[in-house]
Each structure stands twice: as C-alpha cells, then as structure tokens.
>>> print(open('protein-v2.txt').read())   # compact mmCIF, C-alpha atoms
# COMPACT_ATOMS: atom_id res chain seq x y z
CA MET A 15 17.46 -31.36 20.27
CA ASP A 16 16.00 -27.98 19.31
CA THR A 17 13.08 -26.71 21.34
CA PRO A 18 10.76 -24.04 20.04
CA SER A 19 11.38 -20.61 21.50
CA SER A 20 8.68 -19.25 23.77
CA GLU A 21 9.36 -15.76 22.43
CA PRO A 22 7.38 -14.63 19.39
CA LYS A 23 9.43 -14.16 16.24
CA ARG A 24 10.33 -10.57 15.50
CA ALA A 25 8.93 -8.92 12.40
CA THR A 26 11.32 -8.94 9.46
CA GLU A 27 11.86 -6.75 6.41
CA GLN A 28 9.57 -9.13 4.49
CA ASP A 29 6.87 -8.57 7.13
CA ARG A 30 7.27 -4.81 6.64
CA LEU A 31 6.90 -5.20 2.86
CA VAL A 32 3.81 -7.38 3.28
CA GLY A 33 2.29 -4.76 5.57
CA GLU A 34 3.15 -1.98 3.16
CA ARG A 35 1.43 -3.82 0.31
CA ILE A 36 -1.64 -4.44 2.46
CA LYS A 37 -1.81 -0.71 3.18
CA VAL A 38 -1.50 0.30 -0.48
CA LEU A 39 -4.08 -2.24 -1.59
CA ARG A 40 -6.47 -1.30 1.24
CA LYS A 41 -6.25 2.39 0.42
CA SER A 42 -6.62 1.79 -3.31
CA LYS A 43 -9.90 -0.01 -2.58
CA GLY A 44 -11.06 2.87 -0.36
CA ILE A 45 -11.29 0.61 2.69
CA SER A 46 -10.54 2.07 6.12
CA GLN A 47 -8.40 0.30 8.68
CA THR A 48 -11.53 -0.04 10.82
CA ALA A 49 -13.51 -1.65 7.99
CA LEU A 50 -10.70 -4.07 7.15
CA GLY A 51 -10.31 -4.92 10.83
CA SER A 52 -14.04 -5.57 11.17
CA ALA A 53 -14.00 -7.85 8.13
CA LEU A 54 -11.10 -9.78 9.69
CA GLY A 55 -12.39 -9.74 13.27
CA VAL A 56 -9.54 -7.60 14.61
CA THR A 57 -9.16 -3.99 15.75
CA PHE A 58 -7.97 -1.17 13.54
CA GLN A 59 -4.92 -0.97 15.82
CA GLN A 60 -4.02 -4.51 14.79
CA ILE A 61 -4.33 -3.51 11.12
CA GLN A 62 -1.99 -0.57 11.85
CA LYS A 63 0.53 -2.98 13.38
CA TYR A 64 0.33 -5.24 10.31
CA GLU A 65 0.69 -2.31 7.92
CA ASN A 66 3.65 -0.85 9.81
CA GLY A 67 5.38 -4.22 9.96
CA VAL A 68 5.28 -4.27 13.77
CA ASN A 69 3.28 -7.52 13.87
CA ARG A 70 3.64 -10.42 11.50
CA VAL A 71 0.61 -11.45 9.45
CA GLY A 72 -0.05 -15.17 9.80
CA ALA A 73 -0.84 -17.29 6.75
CA SER A 74 -4.54 -17.72 7.49
CA ARG A 75 -4.96 -14.03 8.29
CA LEU A 76 -3.10 -13.06 5.11
CA SER A 77 -5.44 -15.30 3.15
CA GLU A 78 -8.41 -13.48 4.68
CA VAL A 79 -6.83 -10.07 3.92
CA ALA A 80 -6.37 -11.11 0.29
CA ARG A 81 -9.99 -12.28 0.11
CA VAL A 82 -11.32 -9.00 1.52
CA LEU A 83 -9.07 -6.91 -0.74
CA GLU A 84 -9.87 -9.15 -3.73
CA VAL A 85 -6.25 -9.88 -4.66
CA PRO A 86 -4.22 -13.07 -4.87
CA VAL A 87 -2.28 -13.94 -1.72
CA SER A 88 0.88 -14.01 -3.84
CA THR A 89 0.64 -10.23 -4.26
CA SER A 90 1.90 -9.89 -0.70
CA PHE A 91 4.89 -12.19 -1.13
CA GLU A 92 6.45 -11.28 -4.42
CA GLU A 93 9.92 -9.91 -3.83
CA ARG A 94 11.20 -6.65 -5.26
CA GLY A 95 12.16 -7.23 -8.87
CA GLY A 96 10.27 -10.53 -8.81
CA LEU A 97 6.84 -9.10 -9.52
CA ALA A 98 5.14 -10.48 -12.60
CA GLU A 99 5.53 -7.14 -14.33
CA GLN A 100 8.19 -4.50 -13.70
CA GLY A 101 5.38 -1.97 -14.04
CA GLN A 102 3.65 -3.44 -11.00
CA GLN A 103 6.73 -2.77 -8.89
CA GLU A 104 6.83 0.82 -10.12
CA VAL A 105 3.14 1.25 -9.27
CA PHE A 106 3.77 0.02 -5.71
CA GLU A 107 6.67 2.47 -5.42
CA PHE A 108 4.47 5.36 -6.57
CA LEU A 109 1.60 4.38 -4.32
CA ARG A 110 3.90 4.32 -1.28
CA VAL A 111 4.28 8.10 -1.52
CA ARG A 112 2.14 9.77 1.13
CA GLY A 113 -1.08 11.07 -0.43
CA ALA A 114 -0.60 9.27 -3.76
CA VAL A 115 -3.56 6.94 -3.35
CA ASP A 116 -5.79 9.81 -2.21
CA LEU A 117 -4.69 11.93 -5.18
CA LEU A 118 -5.30 9.07 -7.59
CA ASN A 119 -8.77 8.34 -6.16
CA ALA A 120 -9.71 12.01 -6.40
CA PHE A 121 -8.39 12.20 -9.97
CA ILE A 122 -10.37 9.11 -10.98
CA ALA A 123 -13.52 10.67 -9.53
CA ILE A 124 -13.26 13.54 -12.06
CA GLU A 125 -15.48 12.47 -14.94
CA ASP A 126 -14.78 15.35 -17.32
CA ASP A 127 -11.74 14.61 -19.55
CA GLN A 128 -10.91 18.28 -20.05
CA LEU A 129 -10.96 18.91 -16.32
CA ARG A 130 -8.68 15.90 -15.79
CA ARG A 131 -6.18 17.33 -18.29
CA GLU A 132 -6.29 20.69 -16.51
CA VAL A 133 -5.74 19.07 -13.10
CA LEU A 134 -2.80 17.11 -14.51
CA ALA A 135 -1.34 20.31 -15.98
CA LEU A 136 -1.70 22.02 -12.58
CA VAL A 137 0.06 19.17 -10.78
CA ARG A 138 2.89 19.13 -13.35
CA CYS A 139 3.28 22.91 -12.96
CA ALA A 140 3.48 22.56 -9.17
CA ALA A 141 6.14 19.84 -9.56
CA ARG A 142 8.22 22.05 -11.87
CA MET A 143 7.95 24.94 -9.41
CA LYS A 144 9.22 22.70 -6.60
CA GLN A 145 12.16 21.53 -8.74
CA LYS A 146 13.11 25.14 -9.52
CA GLN A 147 13.07 25.98 -5.80
CA ARG A 148 15.60 23.20 -5.15
CA THR A 149 18.09 24.53 -7.70
>>> encode(input="protein-v2.txt", output="structure tokens")
Amino acid sequence: MDTPSSEPKRATEQDRLVGERIKVLRKSKGISQTALGSALGVTFQQIQKYENGVNRVGASRLSEVARVLEVPVSTSFEERGGLAEQGQQEVFEFLRVRGAVDLLNAFIAIEDDQLRREVLALVRCAARMKQKQRT
C-alpha cells in the first residue's frame, strides 16, 4: 500500500513555466510583487518563489492569481505549442526578455504617433548596430 510522502513535491519544469507566465502577466499589468502578494495574502518573497519556479503554486492560489491578474486560469497551464494561438506563444517568448515589458509599457505611454515612430526607428537602429558589432 502506498503512503503519501511527508516531503513536499519538488517544483517541476511546468511549475517554472507557470511562474514565468505569472511574472509576465503581473508585469504587463504594472503590478508589483508586493501588490500581488498583498492581494493574495502572501509576502513578495513568496511571489518571487512562485515566479522563479522555486515553489509550486497550488490550485486555489493559482485561481486567485488569475482573478487578480484578470486572466483565465488556463493561461498558466497551456503547454508550449498548445496555446490557442501561435502568436500568443511568441508574445510570451518576447515578454520573457529582460526589460521587454518595461519597454513596451513605456512605448505605450507615448501618445504622439510620430514620436512612437521615431522611438521605434531608434530602437531598430540600435539593434542593427549591435548586430554589426557581432560580425
């Protein structure tokens, strides 16, 4: 007869992906770890552990995270390649890049269309310069 282990289950790759998605969604909403933790009744350190995949997010807690972030719970569970739209997977990949969410939020805050085009041109120029340095 199997007896339940007294040791907590270790976090898995799926737990890491769930945490990563929580982080991207939290940042895209402009919510700090502290604010999310307060809304869930946990510390910001616990949110860090969830986001880094160190601690597993239980079903009820994940439901609360989804409620606070205003997304369906299923957003956290969809496997790579299994997202409703391939474009959604690509967006998650882009948003995983350090600073991407901050850059996007700053870009969205620019109301002038001409200024947005100029900022985009500047970023593209910087990217081309970096590529030339590599070759």
>>> residues_around(input="protein-v2.txt", residues="segment 68-77 of chain A", least_positions_apart="5", cutoff="7 Å", atoms="only C-alpha atoms", output="list in words")
Ala25, Asp29, Lys63 and Val87 of chain A
>>> write_last_selection(input="protein-v2.txt", atoms="C-alpha atoms", output="CSV table (one decimal), in the coordinates of the input")
chain,number,residue,atom,x,y,z
A,25,ALA,CA,8.9,-8.9,12.4
A,29,ASP,CA,6.9,-8.6,7.1
A,63,LYS,CA,0.5,-3.0,13.4
A,87,VAL,CA,-2.3,-13.9,-1.7
>>> residues_around(input="protein-v2.txt", residues="Gly113 of chain A", least_positions_apart="5", cutoff="12 Å", atoms="all atoms listed in the file", output="short mmCIF file (atom, residue, chain, number, x, y, z; two decimals) with C-alpha atoms, keeping the file's coordinate frame")
data_model
loop_
_atom_site.label_atom_id
_atom_site.label_comp_id
_atom_site.auth_asym_id
_atom_site.auth_seq_id
_atom_site.Cartn_x
_atom_site.Cartn_y
_atom_site.Cartn_z
CA VAL A 38 -1.50 0.30 -0.48
CA LYS A 41 -6.25 2.39 0.42
CA SER A 42 -6.62 1.79 -3.31
CA PHE A 108 4.47 5.36 -6.57
CA LEU A 118 -5.30 9.07 -7.59
CA ASN A 119 -8.77 8.34 -6.16
CA ALA A 120 -9.71 12.01 -6.40
#
>>> residues_around(input="protein-v2.txt", residues="segment 51-56 of chain A", least_positions_apart="4", cutoff="8 Å", atoms="all atoms listed in the file", output="list of chain:residue names")
A:Gln47, A:Gln60, A:Ile61, A:Arg75, A:Glu78, A:Val79, A:Val82
>>> atom_distance(input="protein-v2.txt", atom1="atom CA of Val111 of chain A", atom2="atom CA of Tyr64 of chain A")
18.3 Å
>>> atom_distance(input="protein-v2.txt", atom1="atom CA of Phe58 of chain A", atom2="atom CA of Glu107 of chain A")
24.2 Å
